[in-house]
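Containing compact mmCIF, C-alpha atoms: coords_0.txt.
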```txt
# COMPACT_ATOMS: atom_id res chain seq x y z
CA MET A 57 -23.39 6.78 -5.59
CA VAL A 58 -19.69 5.91 -5.61
CA SER A 59 -18.70 8.78 -7.89
CA GLU A 60 -17.23 10.88 -5.07
CA PHE A 61 -15.04 7.99 -4.04
CA TYR A 62 -13.73 7.41 -7.58
CA ASP A 63 -13.18 11.13 -7.99
CA VAL A 64 -10.69 10.96 -5.11
CA ILE A 65 -8.98 7.87 -6.59
CA HIS A 66 -8.49 9.50 -9.98
CA ARG A 67 -7.72 13.10 -8.84
CA ARG A 68 -4.94 11.95 -6.47
CA ARG A 69 -1.48 13.06 -7.61
CA ASP A 70 2.09 12.83 -6.34
CA VAL A 71 2.73 16.53 -5.67
CA ARG A 72 6.08 18.31 -5.95
CA GLY A 73 5.49 21.86 -7.14
CA GLN A 74 2.00 22.97 -6.08
CA PHE A 75 2.27 23.24 -2.28
CA THR A 76 1.22 26.62 -0.83
CA GLY A 77 2.51 26.16 2.73
CA ALA A 78 -0.85 27.21 4.20
CA ALA A 79 -1.93 25.77 7.55
CA ILE A 80 -3.68 22.41 8.02
CA SER A 81 -6.33 22.43 10.74
CA VAL A 82 -6.00 20.00 13.62
CA ASP A 83 -9.32 18.37 12.68
CA VAL A 84 -8.24 17.74 9.10
CA LEU A 85 -4.88 16.28 10.12
CA ASP A 86 -6.65 14.04 12.65
CA ARG A 87 -9.03 12.71 10.01
CA VAL A 88 -6.18 12.00 7.61
CA LEU A 89 -4.15 10.13 10.24
CA GLU A 90 -7.26 8.26 11.41
CA ALA A 91 -7.77 7.12 7.82
CA ALA A 92 -4.17 5.85 7.66
CA HIS A 93 -4.64 4.07 10.98
CA ALA A 94 -7.83 2.39 9.67
CA ALA A 95 -5.87 0.42 7.08
CA PRO A 96 -5.80 -3.38 7.16
CA SER A 97 -2.70 -5.04 8.59
CA VAL A 98 -1.33 -8.55 8.75
CA GLY A 99 -2.39 -10.19 12.00
CA LEU A 100 -3.98 -6.87 13.07
CA THR A 101 -0.47 -5.72 14.02
CA GLN A 102 -0.90 -2.11 12.80
CA PRO A 103 2.92 -2.00 12.53
CA TRP A 104 3.09 1.66 11.44
CA ASP A 105 3.98 4.88 13.26
CA PHE A 106 3.63 8.45 12.04
CA VAL A 107 6.26 11.09 12.78
CA VAL A 108 4.75 14.51 12.01
CA VAL A 109 7.66 16.77 11.09
CA ARG A 110 7.13 20.53 11.20
CA ASP A 111 10.56 21.53 12.53
CA ARG A 112 12.32 23.70 9.93
CA PRO A 113 15.94 22.64 10.57
CA LEU A 114 14.97 18.96 10.29
CA ARG A 115 13.23 19.57 6.99
CA GLU A 116 16.17 21.59 5.66
CA ALA A 117 18.60 18.84 6.59
CA PHE A 118 16.42 16.27 4.84
CA HIS A 119 16.00 18.49 1.79
CA GLN A 120 19.78 18.86 1.46
CA HIS A 121 20.22 15.11 1.74
CA VAL A 122 17.57 14.54 -0.95
CA HIS A 123 19.42 16.86 -3.29
CA ARG A 124 22.69 15.05 -2.76
CA GLU A 125 20.85 11.81 -3.64
CA ARG A 126 19.41 13.51 -6.71
CA GLU A 127 22.96 13.96 -7.95
CA VAL A 128 23.74 10.31 -7.22
CA PHE A 129 20.85 9.24 -9.44
CA ALA A 130 21.57 11.83 -12.13
CA ALA A 131 25.11 10.45 -12.47
CA THR A 132 23.66 7.06 -13.52
CA LEU A 133 21.74 8.51 -16.49
CA ASP A 134 22.74 8.88 -20.12
CA ALA A 135 22.83 12.41 -21.55
CA GLU A 136 19.31 12.36 -22.95
CA ALA A 137 17.72 11.02 -19.75
CA ALA A 138 19.80 13.43 -17.64
CA GLU A 139 18.44 16.32 -19.67
CA ARG A 140 14.84 15.18 -19.07
CA PHE A 141 15.55 14.54 -15.38
CA ALA A 142 16.97 18.06 -14.96
CA ARG A 143 13.50 19.50 -15.62
CA ILE A 144 11.78 17.39 -12.96
CA LYS A 145 11.23 18.67 -9.41
CA ILE A 146 11.65 15.76 -7.01
CA ASP A 147 10.42 17.16 -3.69
CA GLY A 148 8.34 19.80 -1.94
CA VAL A 149 9.90 19.31 1.49
CA LEU A 150 10.39 23.03 2.17
CA GLU A 151 7.25 24.37 0.45
CA SER A 152 4.73 21.94 1.96
CA THR A 153 3.08 22.62 5.30
CA LEU A 154 4.54 19.60 7.08
CA SER A 155 5.78 16.10 6.46
CA VAL A 156 4.68 12.72 7.77
CA VAL A 157 7.31 10.02 8.05
CA VAL A 158 5.75 6.57 8.14
CA THR A 159 7.70 3.73 9.77
CA TYR A 160 7.49 -0.05 10.12
CA ASP A 161 8.02 -1.99 13.36
CA PRO A 162 8.50 -5.69 12.52
CA ASP A 163 8.42 -6.64 16.21
CA ARG A 164 4.89 -5.45 16.85
CA GLY A 165 2.75 -8.49 17.58
CA SER A 166 5.76 -10.84 17.37
CA PRO A 167 6.62 -13.63 17.52
CA ALA A 168 3.38 -15.21 16.23
CA VAL A 169 2.09 -12.73 13.62
CA LEU A 170 -0.99 -14.35 12.08
CA GLY A 171 -0.47 -14.31 8.30
CA ARG A 172 3.27 -13.54 8.24
CA HIS A 173 4.99 -16.88 8.84
CA ALA A 174 5.35 -17.60 5.11
CA ILE A 175 5.79 -14.03 3.82
CA ALA A 176 8.25 -11.93 5.81
CA ASP A 177 7.35 -8.75 3.90
CA ALA A 178 3.65 -8.92 4.81
CA GLY A 179 4.16 -6.38 7.62
CA LEU A 180 5.85 -3.96 5.27
CA TYR A 181 2.92 -4.37 2.90
CA SER A 182 0.54 -3.31 5.70
CA VAL A 183 2.45 -0.07 6.19
CA CYS A 184 2.00 0.74 2.51
CA LEU A 185 -1.75 0.21 2.76
CA ALA A 186 -1.82 2.82 5.54
CA ILE A 187 0.18 5.20 3.35
CA GLN A 188 -2.35 4.90 0.54
CA ASN A 189 -5.24 5.53 2.95
CA LEU A 190 -3.43 8.67 4.13
CA TRP A 191 -2.81 9.79 0.56
CA LEU A 192 -6.42 9.37 -0.51
CA ALA A 193 -7.81 11.00 2.63
CA ALA A 194 -5.56 14.00 2.05
CA THR A 195 -6.84 14.18 -1.53
CA ALA A 196 -10.44 14.07 -0.28
CA GLU A 197 -9.54 16.96 2.05
CA GLN A 198 -8.19 18.99 -0.92
CA LEU A 199 -4.60 18.54 0.28
CA GLY A 200 -1.65 17.34 -1.75
CA VAL A 201 0.80 14.56 -0.86
CA GLY A 202 4.27 14.01 -2.30
CA TRP A 203 6.21 10.81 -1.52
CA VAL A 204 9.93 11.59 -1.52
CA SER A 205 12.16 8.54 -1.98
CA PHE A 206 15.55 10.09 -2.79
CA TYR A 207 17.06 9.28 0.59
CA ARG A 208 19.02 6.65 2.48
CA GLU A 209 17.03 4.99 5.24
CA GLU A 210 19.96 5.22 7.65
CA PHE A 211 20.17 9.00 7.18
CA LEU A 212 16.48 9.43 7.95
CA ARG A 213 16.62 7.06 10.92
CA GLU A 214 19.41 9.10 12.48
CA LEU A 215 17.81 12.45 11.64
CA LEU A 216 14.57 11.60 13.47
CA ALA A 217 16.11 9.41 16.21
CA ILE A 218 14.20 6.37 14.93
CA PRO A 219 15.42 3.28 16.85
CA ALA A 220 17.39 0.53 15.20
CA GLY A 221 14.92 -2.16 14.16
CA ILE A 222 12.26 0.36 13.10
CA ARG A 223 12.35 0.98 9.38
CA PRO A 224 11.42 4.33 7.78
CA VAL A 225 9.18 3.53 4.81
CA ALA A 226 8.08 6.92 3.48
CA TRP A 227 8.65 10.65 3.74
CA LEU A 228 5.35 12.24 2.73
CA CYS A 229 5.07 16.00 2.13
CA LEU A 230 1.58 17.17 3.02
CA GLY A 231 -0.37 20.38 2.71
CA PRO A 232 -2.72 22.63 0.77
CA VAL A 233 -1.96 23.01 -2.93
CA THR A 234 -2.85 25.51 -5.62
CA HIS A 235 -4.23 22.61 -7.69
CA LEU A 236 -3.65 18.99 -8.59
CA GLU A 237 -2.33 18.36 -12.09
CA ALA A 238 -4.53 16.29 -14.41
CA VAL A 239 -1.52 14.35 -15.73
CA PRO A 240 1.28 12.91 -13.52
CA ASP A 241 4.46 15.03 -13.48
CA LEU A 242 6.63 12.30 -14.96
CA GLU A 243 4.28 11.96 -17.94
CA ARG A 244 3.99 15.73 -18.40
CA HIS A 245 7.77 16.01 -18.45
CA GLY A 246 8.21 13.16 -20.93
CA TRP A 247 9.93 10.82 -18.46
CA ARG A 248 7.53 7.92 -18.90
CA ARG A 249 3.99 7.20 -20.13
CA ARG A 250 1.27 5.35 -18.30
CA ARG A 251 0.63 1.76 -19.34
CA PRO A 252 -2.81 0.72 -20.64
CA LEU A 253 -4.70 -1.25 -17.98
CA ALA A 254 -5.54 -4.01 -20.48
CA GLU A 255 -1.85 -4.96 -20.64
CA ALA A 256 -1.82 -5.56 -16.89
CA ILE A 257 -4.77 -7.98 -16.76
CA HIS A 258 -4.35 -11.75 -17.07
CA THR A 259 -6.98 -14.48 -16.91
CA ASP A 260 -6.47 -17.50 -14.61
CA ARG A 261 -2.78 -17.81 -15.47
CA TRP A 262 -0.01 -15.42 -16.45
CA THR A 263 -0.25 -14.47 -20.13
CA PRO A 264 3.18 -13.90 -21.71
CA ARG A 265 3.22 -10.65 -23.74
CA MET B 133 -18.65 16.58 1.62
CA VAL B 134 -15.99 13.93 2.22
CA SER B 135 -18.21 11.74 4.37
CA GLU B 136 -18.82 9.17 1.64
CA PHE B 137 -15.09 8.78 1.17
CA TYR B 138 -14.46 8.26 4.90
CA ASP B 139 -17.35 5.86 5.08
CA VAL B 140 -15.51 3.61 2.61
CA ILE B 141 -12.23 3.92 4.57
CA HIS B 142 -13.85 2.92 7.85
CA ARG B 143 -16.31 0.27 6.56
CA ARG B 144 -13.57 -1.67 4.71
CA ARG B 145 -12.87 -5.08 6.24
CA ASP B 146 -10.65 -8.08 5.53
CA VAL B 147 -13.34 -10.63 4.66
CA ARG B 148 -13.15 -14.40 5.28
CA GLY B 149 -16.63 -15.65 6.09
CA GLN B 150 -19.22 -13.40 4.44
CA PHE B 151 -18.77 -14.09 0.71
CA THR B 152 -21.94 -15.10 -1.15
CA GLY B 153 -20.36 -16.22 -4.44
CA ALA B 154 -22.77 -14.05 -6.45
CA ALA B 155 -21.62 -12.65 -9.78
CA ILE B 156 -19.64 -9.42 -10.23
CA SER B 157 -20.65 -7.43 -13.30
CA VAL B 158 -17.99 -6.63 -15.91
CA ASP B 159 -18.48 -2.90 -15.31
CA VAL B 160 -17.91 -3.19 -11.58
CA LEU B 161 -14.79 -5.34 -12.00
CA ASP B 162 -13.45 -2.86 -14.56
CA ARG B 163 -13.94 0.08 -12.19
CA VAL B 164 -12.22 -1.78 -9.36
CA LEU B 165 -9.22 -2.69 -11.51
CA GLU B 166 -9.08 0.83 -12.96
CA ALA B 167 -8.90 2.15 -9.40
CA ALA B 168 -6.00 -0.20 -8.63
CA HIS B 169 -4.25 0.88 -11.82
CA ALA B 170 -4.69 4.57 -10.87
CA ALA B 171 -2.37 4.16 -7.86
CA PRO B 172 0.87 6.10 -7.63
CA SER B 173 4.09 4.26 -8.46
CA VAL B 174 7.77 4.96 -8.14
CA GLY B 175 9.09 6.46 -11.37
CA LEU B 176 5.62 5.95 -12.91
CA THR B 177 6.60 2.31 -13.44
CA GLN B 178 3.18 0.84 -12.60
CA PRO B 179 5.01 -2.41 -11.78
CA TRP B 180 1.84 -4.40 -10.99
CA ASP B 181 -0.15 -7.01 -12.90
CA PHE B 182 -3.52 -8.52 -12.04
CA VAL B 183 -4.28 -12.20 -12.59
CA VAL B 184 -8.05 -12.66 -12.34
CA VAL B 185 -8.59 -16.26 -11.19
CA ARG B 186 -12.03 -17.81 -11.67
CA ASP B 187 -10.90 -21.35 -12.57
CA ARG B 188 -12.19 -23.77 -9.94
CA PRO B 189 -9.32 -26.32 -9.95
CA LEU B 190 -6.75 -23.53 -9.52
CA ARG B 191 -8.66 -22.12 -6.56
CA GLU B 192 -9.03 -25.56 -5.00
CA ALA B 193 -5.31 -26.24 -5.33
CA PHE B 194 -4.53 -22.88 -3.71
CA HIS B 195 -7.06 -23.47 -0.95
CA GLN B 196 -5.48 -26.83 -0.10
CA HIS B 197 -2.02 -25.23 0.00
CA VAL B 198 -3.32 -22.48 2.30
CA HIS B 199 -4.65 -25.07 4.70
CA ARG B 200 -1.35 -26.93 4.79
CA GLU B 201 0.30 -23.59 5.65
CA ARG B 202 -2.32 -23.02 8.33
CA GLU B 203 -1.03 -26.16 10.04
CA VAL B 204 2.55 -24.93 9.73
CA PHE B 205 1.62 -21.73 11.58
CA ALA B 206 -0.57 -23.51 14.13
CA ALA B 207 2.38 -25.73 15.09
CA THR B 208 4.33 -22.61 16.20
CA LEU B 209 1.68 -21.53 18.73
CA ASP B 210 1.36 -22.27 22.43
CA ALA B 211 -1.78 -24.10 23.56
CA GLU B 212 -3.75 -20.99 24.45
CA ALA B 213 -2.98 -19.20 21.15
CA ALA B 214 -3.62 -22.41 19.19
CA GLU B 215 -7.06 -22.62 20.75
CA ARG B 216 -7.88 -19.05 19.73
CA PHE B 217 -6.44 -19.61 16.24
CA ALA B 218 -8.60 -22.72 15.75
CA ARG B 219 -11.71 -20.49 15.80
CA ILE B 220 -10.43 -18.13 13.09
CA LYS B 221 -11.30 -18.65 9.42
CA ILE B 222 -8.28 -17.64 7.32
CA ASP B 223 -9.60 -17.60 3.76
CA GLY B 224 -12.65 -17.39 1.53
CA VAL B 225 -10.96 -18.73 -1.60
CA LEU B 226 -13.74 -21.16 -2.49
CA GLU B 227 -16.73 -19.09 -1.35
CA SER B 228 -15.78 -15.80 -3.00
CA THR B 229 -16.72 -15.04 -6.61
CA LEU B 230 -13.16 -14.81 -7.92
CA SER B 231 -9.65 -13.95 -6.83
CA VAL B 232 -7.19 -11.33 -8.02
CA VAL B 233 -3.51 -12.13 -7.69
CA VAL B 234 -1.39 -9.00 -7.74
CA THR B 235 2.24 -9.27 -8.83
CA TYR B 236 5.36 -7.11 -8.91
CA ASP B 237 7.75 -6.79 -11.87
CA PRO B 238 11.00 -5.16 -10.67
CA ASP B 239 12.29 -4.88 -14.25
CA ARG B 240 9.55 -2.58 -15.47
CA GLY B 241 11.12 0.79 -16.28
CA SER B 242 14.61 -0.50 -15.44
CA PRO B 243 17.45 0.24 -15.23
CA ALA B 244 16.92 3.91 -14.31
CA VAL B 245 13.79 3.90 -12.13
CA LEU B 246 13.33 7.48 -10.91
CA GLY B 247 13.04 7.33 -7.11
CA ARG B 248 14.30 3.78 -6.57
CA HIS B 249 18.10 4.04 -6.64
CA ALA B 250 18.33 4.43 -2.84
CA ILE B 251 15.38 2.25 -1.81
CA ALA B 252 15.17 -1.09 -3.58
CA ASP B 253 11.75 -1.87 -2.08
CA ALA B 254 10.11 1.25 -3.50
CA GLY B 255 8.65 -0.74 -6.41
CA LEU B 256 7.13 -3.26 -4.05
CA TYR B 257 5.60 -0.37 -2.09
CA SER B 258 3.90 0.83 -5.29
CA VAL B 259 2.22 -2.54 -5.75
CA CYS B 260 0.76 -2.30 -2.24
CA LEU B 261 -0.69 1.14 -3.00
CA ALA B 262 -2.51 -0.41 -5.96
CA ILE B 263 -3.81 -3.18 -3.71
CA GLN B 264 -5.28 -0.67 -1.28
CA ASN B 265 -6.95 1.24 -4.11
CA LEU B 266 -8.49 -2.04 -5.28
CA TRP B 267 -9.65 -2.88 -1.75
CA LEU B 268 -11.29 0.48 -1.17
CA ALA B 269 -12.94 0.55 -4.60
CA ALA B 270 -14.38 -2.90 -3.94
CA THR B 271 -15.72 -1.64 -0.61
CA ALA B 272 -17.30 1.36 -2.35
CA GLU B 273 -18.95 -1.11 -4.75
CA GLN B 274 -20.39 -3.10 -1.80
CA LEU B 275 -17.99 -5.99 -2.42
CA GLY B 276 -15.73 -7.67 0.09
CA VAL B 277 -12.00 -8.34 -0.21
CA GLY B 278 -9.94 -10.85 1.77
CA TRP B 279 -6.14 -10.85 1.53
CA VAL B 280 -4.87 -14.41 2.00
CA SER B 281 -1.21 -14.64 3.02
CA PHE B 282 -0.88 -18.25 4.19
CA TYR B 283 1.08 -19.37 1.13
CA ARG B 284 4.58 -19.77 -0.25
CA GLU B 285 5.35 -17.44 -3.11
CA GLU B 286 7.02 -20.22 -5.09
CA PHE B 287 3.88 -22.37 -4.90
CA LEU B 288 1.71 -19.54 -6.22
CA ARG B 289 4.21 -18.65 -8.94
CA GLU B 290 4.16 -22.21 -10.24
CA LEU B 291 0.39 -22.57 -9.92
CA LEU B 292 -0.31 -19.55 -12.12
CA ALA B 293 2.75 -19.87 -14.43
CA ILE B 294 4.12 -16.57 -13.19
CA PRO B 295 7.62 -16.13 -14.65
CA ALA B 296 10.75 -16.18 -12.52
CA GLY B 297 11.59 -12.59 -11.65
CA ILE B 298 7.93 -11.59 -11.20
CA ARG B 299 6.90 -11.72 -7.55
CA PRO B 300 3.37 -12.56 -6.37
CA VAL B 301 2.46 -10.00 -3.70
CA ALA B 302 -1.15 -10.78 -2.83
CA TRP B 303 -3.98 -13.25 -3.31
CA LEU B 304 -7.17 -11.24 -2.91
CA CYS B 305 -10.56 -12.95 -2.65
CA LEU B 306 -13.24 -10.69 -4.13
CA GLY B 307 -16.99 -10.71 -4.36
CA PRO B 308 -20.39 -9.79 -2.97
CA VAL B 309 -20.84 -10.34 0.75
CA THR B 310 -23.80 -10.68 3.08
CA HIS B 311 -22.37 -7.80 5.16
CA LEU B 312 -19.13 -6.29 6.42
CA GLU B 313 -18.44 -6.81 10.13
CA ALA B 314 -18.15 -3.66 12.25
CA VAL B 315 -15.16 -5.07 14.14
CA PRO B 316 -12.18 -6.85 12.48
CA ASP B 317 -12.31 -10.66 12.72
CA LEU B 318 -9.09 -10.93 14.73
CA GLU B 319 -10.44 -8.52 17.34
CA ARG B 320 -13.86 -10.24 17.46
CA HIS B 321 -12.14 -13.58 18.03
CA GLY B 322 -9.88 -12.24 20.77
CA TRP B 323 -6.67 -12.65 18.79
CA ARG B 324 -5.50 -9.04 19.10
CA ARG B 325 -6.90 -5.57 19.85
CA ARG B 326 -6.51 -2.43 17.79
CA ARG B 327 -3.94 0.10 19.03
CA PRO B 328 -5.03 3.66 19.89
CA LEU B 329 -3.97 6.08 17.16
CA ALA B 330 -2.42 8.46 19.71
CA GLU B 331 0.25 5.85 20.48
CA ALA B 332 1.31 5.84 16.83
CA ILE B 333 1.85 9.61 16.47
CA HIS B 334 5.21 11.28 17.14
CA THR B 335 6.18 14.95 16.82
CA ASP B 336 9.31 15.91 14.86
CA ARG B 337 11.36 13.05 16.27
CA TRP B 338 10.64 9.53 17.47
CA THR B 339 9.19 9.52 20.98
CA PRO B 340 10.25 6.46 22.98
CA ARG B 341 7.24 4.88 24.74
```

Show how you would write the structure in this file as structure tokens.
Amino acid sequence: MVSEFYDVIHRRRDVRGQFTGAAISVDVLDRVLEAAHAAPSVGLTQPWDFVVVRDRPLREAFHQHVHREREVFAATLDAEAAERFARIKIDGVLESTLSVVVTYDPDRGSPAVLGRHAIADAGLYSVCLAIQNLWLAATAEQLGVGWVSFYREEFLRELLAIPAGIRPVAWLCLGPVTHLEAVPDLERHGWRRRRPLAEAIHTDRWTPR
Amino acid sequence: MVSEFYDVIHRRRDVRGQFTGAAISVDVLDRVLEAAHAAPSVGLTQPWDFVVVRDRPLREAFHQHVHREREVFAATLDAEAAERFARIKIDGVLESTLSVVVTYDPDRGSPAVLGRHAIADAGLYSVCLAIQNLWLAATAEQLGVGWVSFYREEFLRELLAIPAGIRPVAWLCLGPVTHLEAVPDLERHGWRRRRPLAEAIHTDRWTPR
């Protein structure tokens, strides 16, 4: 009965190279954003916003910035890691149909946010839950999503005229794909292997390993 | 075709009062944790761990701490808000079958985490994506989840012997429930209403409202 749900969970990939650029219907985009908006949030603040970016010059400016940041990261690597990194595509900003920038407004519902007085980051956590809902809904709709994080928040804030005090949390490329890979890109390219689940599970108290 | 998936997205609730305490089978718990572990993560670091807490004294100690923190929050409210807050149950730590504490290890995959050089919080974001996968999988399995955030991280770290440098991100109550409410608790109790999705959507650039 829950097999369709788990199929979405396990098929989901972080897409860089498989975007086709084909259109997304209004109905599909609405369902995906409704799923994001249905996420839980601390104190029912729903502190997220979604900036749907289709404008070509904006995407080109972001893409160029991402590639400058790629060089910043590459310069921190030793020769062997740099060689592996050179094979890895880090974004599909120009090939995907559109992008969704997800932001966090810490003032929404302030000052008395129920459930945030002891954990300041709880609002930021809520935004991430919405992102994962969006990602899974897109996967259910046969779309791909790629989270690009090679950017400086201040650059993105200025690019999209996001007010001071609102924090950009994610740039998500979205659109139809030729296929979803069975194995994550970073594993296919030898960057890093997935960890066995058993190593991540502890009973009652932290188990040193 | 995707209706079962969206049913899970929209049925999911943050549960406080509907836990039955009935057992969770090993197979179901495995599927739920596998779903969490299938989340995307920056640089494929999978920086999460899951501490499955069944021990009664640990849960009682946490529950007492949560209720001390409830009083801390209540003291910040005006009389009208305090009256509304008094009606709201904030945790199901003792009534639920077990809890899962999800943690974040910023050192996993360090120093060169692909996709984190410009955004230090990207690893923390990954942990939240795993939490949402867990929450949705539990919903698909007819279980309830309640995220309790009335606690101090240092208290929880000491309670579960979590090492310095590893950050507790969530205490999730988990288990069978009598039902899931159609409307979120905080809305039912008049604490706060949900925001229309249309107000959260912007086109190309931030739209001041």

Separation of CA of His249 in chain B from CA of Arg208 in chain A in Å: 9.5 Å

Please determine the contact residues of chain B with respect to chain A at a cut-off of 6 Å, counting all atoms listed in the file, and supply them as a PyMOL selection string. chain B and resi 137+181-185+247+250+257+260-261+264+281-282+284+292-294+332-338

If you count all atoms listed in the file, which residues fall within 9 Å of Leu230 in chain A, apart from same-chain ones fewer than 4 positions away, as a list in words? Val71, Phe75, Ile80, Gly148, Val149, Ser152, Thr153, Leu154, Ser155, Val156, Trp191, Ala194, Leu199, Gly200, Val201 and Gly202 of chain A

Write the selection just made, keeping C-alpha atoms, as a PDB file, in the frame of the given file?
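The result, stored in selection.pdb:
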```pdb
ATOM      1  CA  VAL A  71       2.730  16.530  -5.670  1.00  0.00           C
ATOM      2  CA  PHE A  75       2.270  23.240  -2.280  1.00  0.00           C
ATOM      3  CA  ILE A  80      -3.680  22.410   8.020  1.00  0.00           C
ATOM      4  CA  GLY A 148       8.340  19.800  -1.940  1.00  0.00           C
ATOM      5  CA  VAL A 149       9.900  19.310   1.490  1.00  0.00           C
ATOM      6  CA  SER A 152       4.730  21.940   1.960  1.00  0.00           C
ATOM      7  CA  THR A 153       3.080  22.620   5.300  1.00  0.00           C
ATOM      8  CA  LEU A 154       4.540  19.600   7.080  1.00  0.00           C
ATOM      9  CA  SER A 155       5.780  16.100   6.460  1.00  0.00           C
ATOM     10  CA  VAL A 156       4.680  12.720   7.770  1.00  0.00           C
ATOM     11  CA  TRP A 191      -2.810   9.790   0.560  1.00  0.00           C
ATOM     12  CA  ALA A 194      -5.560  14.000   2.050  1.00  0.00           C
ATOM     13  CA  LEU A 199      -4.600  18.540   0.280  1.00  0.00           C
ATOM     14  CA  GLY A 200      -1.650  17.340  -1.750  1.00  0.00           C
ATOM     15  CA  VAL A 201       0.800  14.560  -0.860  1.00  0.00           C
ATOM     16  CA  GLY A 202       4.270  14.010  -2.300  1.00  0.00           C
TER      17      GLY A 202
END
```

Which of A:Val84, A:Pro162, A:Pro232, A:Glu237 sits closest to Ala220 in chain A [using only C-alpha atoms]: A:Pro162

May I ask for the distance between CA of Phe118 in chain A and CA of Cys229 in chain A, given in Å to one decimal place? 11.7 Å

Quick one: distance from CA of Gln74 in chain A to CA of Ala138 in chain A in Å, one decimal? 23.3 Å

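Among A:Ala78, A:Ala131, A:Ala176, A:Leu150, the residue with the shortest atom-to-atom distance to Leu228 in chain A, counting all atoms listed in the file, is A:Leu150.
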
Give the answer as one residue: which of B:Arg240, B:Gly322, B:Arg299, B:Val309 has the shortest atom-to-atom distance to Glu215 in chain B, using all atoms listed in the file?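 Of B:Arg240, B:Gly322, B:Arg299, B:Val309, the one nearest Glu215 in chain B, counting all atoms listed in the file, is B:Gly322.
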
Nearest to Pro224 in chain A by atom-to-atom distance, counting only C-alpha atoms, from A:Arg244, A:Gly179, A:Arg265, A:Tyr160: A:Tyr160

Which of these residues is nearest to Thr76 in chain A, using only C-alpha atoms: A:Arg143, A:Arg124, A:His119, A:His235? A:His235

Assuming the input is short of atoms at range 249-253 of chain A, produce all heavy atoms for that part as a CSV table (one decimal), keeping the file's coordinate frame.
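As written to disk, result21.csv reads:
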```csv
chain,number,residue,atom,x,y,z
A,249,ARG,N,5.4,7.2,-19.9
A,249,ARG,CA,4.0,7.2,-20.1
A,249,ARG,C,3.3,6.1,-19.3
A,249,ARG,O,3.9,5.1,-19.1
A,249,ARG,CB,3.7,6.9,-21.6
A,249,ARG,CG,3.9,8.1,-22.4
A,249,ARG,CD,3.2,8.0,-23.8
A,249,ARG,NE,3.8,9.0,-24.7
A,249,ARG,CZ,3.9,8.8,-26.0
A,249,ARG,NH1,3.6,7.7,-26.5
A,249,ARG,NH2,4.5,9.7,-26.7
A,250,ARG,N,2.0,6.4,-19.0
A,250,ARG,CA,1.3,5.4,-18.3
A,250,ARG,C,1.0,4.2,-19.2
A,250,ARG,O,0.8,4.4,-20.4
A,250,ARG,CB,0.0,6.0,-17.7
A,250,ARG,CG,0.2,6.7,-16.5
A,250,ARG,CD,-1.0,7.5,-16.0
A,250,ARG,NE,-1.3,8.6,-16.8
A,250,ARG,CZ,-2.3,9.5,-16.6
A,250,ARG,NH1,-3.1,9.3,-15.6
A,250,ARG,NH2,-2.5,10.5,-17.4
A,251,ARG,N,0.9,3.0,-18.6
A,251,ARG,CA,0.6,1.8,-19.3
A,251,ARG,C,-0.9,1.5,-19.4
A,251,ARG,O,-1.6,1.7,-18.5
A,251,ARG,CB,1.3,0.7,-18.5
A,251,ARG,CG,1.2,-0.7,-19.0
A,251,ARG,CD,1.9,-1.7,-18.0
A,251,ARG,NE,2.1,-3.0,-18.5
A,251,ARG,CZ,2.0,-4.1,-17.8
A,251,ARG,NH1,1.7,-4.1,-16.5
A,251,ARG,NH2,2.2,-5.3,-18.4
A,252,PRO,N,-1.4,1.0,-20.6
A,252,PRO,CA,-2.8,0.7,-20.6
A,252,PRO,C,-3.2,-0.4,-19.6
A,252,PRO,O,-2.4,-1.4,-19.5
A,252,PRO,CB,-3.0,0.2,-22.1
A,252,PRO,CG,-1.8,0.7,-22.8
A,252,PRO,CD,-0.7,0.8,-21.8
A,253,LEU,N,-4.3,-0.2,-19.0
A,253,LEU,CA,-4.7,-1.2,-18.0
A,253,LEU,C,-4.8,-2.6,-18.6
A,253,LEU,O,-4.4,-3.6,-18.0
A,253,LEU,CB,-6.0,-0.8,-17.4
A,253,LEU,CG,-6.7,-1.9,-16.5
A,253,LEU,CD1,-5.8,-2.3,-15.3
A,253,LEU,CD2,-8.1,-1.4,-15.9
```
